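A.B. asks: Below you'll find the structure I mean.
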Amino acid sequence: MQRNKTRLLLDLVLLLAFLLATAPELTGITIHEWLSLGLAAAILTHLLLNWSWILQVMRRFFGKVSWKARINYILNSLLFIVFTIIITTGILISEAVLPLFGLSIPRDRLWLSIHHTMSDVAVLLIGLHVALHWRWIVNTAQRIFGQRRALTGAKTLQPTSKEVSS
Amino acid sequence: MKLAAPTLIIMSAALLVVGGLLAFGQSELGAEMRANAPRGMDRPEGFVPGPQGFARPDDAPPAPVPGAGYAGQGEGYAGQDEGYAGQALADDERPGRGAGLAVSGERPPQGFGRNAAEKDDHHHEPSLLGFVPLGANLLKLTLIVGSFVLASLLLKRWQGRVREAL
């Protein structure tokens, strides 16, 4: 349960960070770049948290595995490739992070163009990713909040039972 | 230690993608895309890149007709004392790359012109206008997730009816 809670929380933070990162006009280029680097680290954590699922599906990809898991796996692989491209091209056109380390790469319009195109593709893929995991998101949220509600209900009942015994 | 192996695998996969991306950048297709990539953004009003940006005074002689005369015969612009090209620049100044002069006679900001996009300051400063792309992406995600969830609900209901009918 705790693990699922951590996963859901991280996924929510990832989604919000991704949405913010797609709007550099709102955050400014410096925050956009640092946020995206943080997002890269969070994606790595997300993959590590779900590593057992990745291994399971990878081993049985051509064997006995549901079509939903197979489609999910292909979609997740595409997402990984797209995010790697976005982060790499982002570093190649960086205007805030790289100069901070004394590095400067001549700006290339190709990377800028790929960065923008892949960001649009990522929005679509993230939408599909969330849609395919919607049931898990709703179930986990219901379990977490249901448990919390049950706990608060029990706490409010406690004094009454004490009162009864005294 | 348990995390080291998956992390290494993920990083290796990411490196493969990066290698492929950089190889693409060096390829012919990459060069073609680079040539067709959108050029400098946020061109100042009235600024016309390239030779058409040269301001022509009203009393300027008519433009030479191709084939009508040769350079040095007094019909062309090159080398004329009163010409447009070759205007004196201060020692520390250099013309915008391939840009020429703006119609207004003002020098275009550095980085505009054929090989522009050295800097695109338009999203350096955070702005509330950034809520527009953020909202648009949020809307896209909601639409994708919403349509998927709706489709799965409808499918389930339809499957239930079919089962009942059978």
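Convention: chains lettered A, B, ... in structure tokens order; per-chain residue numbering from 1; ligands numbered from 1 as shown.
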Give me, as number ranges by chain, the residues of region 9-149 of chain A that a backbone DSSP run labels helix (DSSP H, G or I).

C.D. replies: A: 9-21, 24-27, 29-49, 51-59, 67-92, 97-100, 109-132, 134-149

A.B. asks: Would you mind listing, as a count of residues only, all residues of chain B that have at least one atom within 8 Å of chain A, where only C-alpha atoms are what counts?

C.D. replies: 39
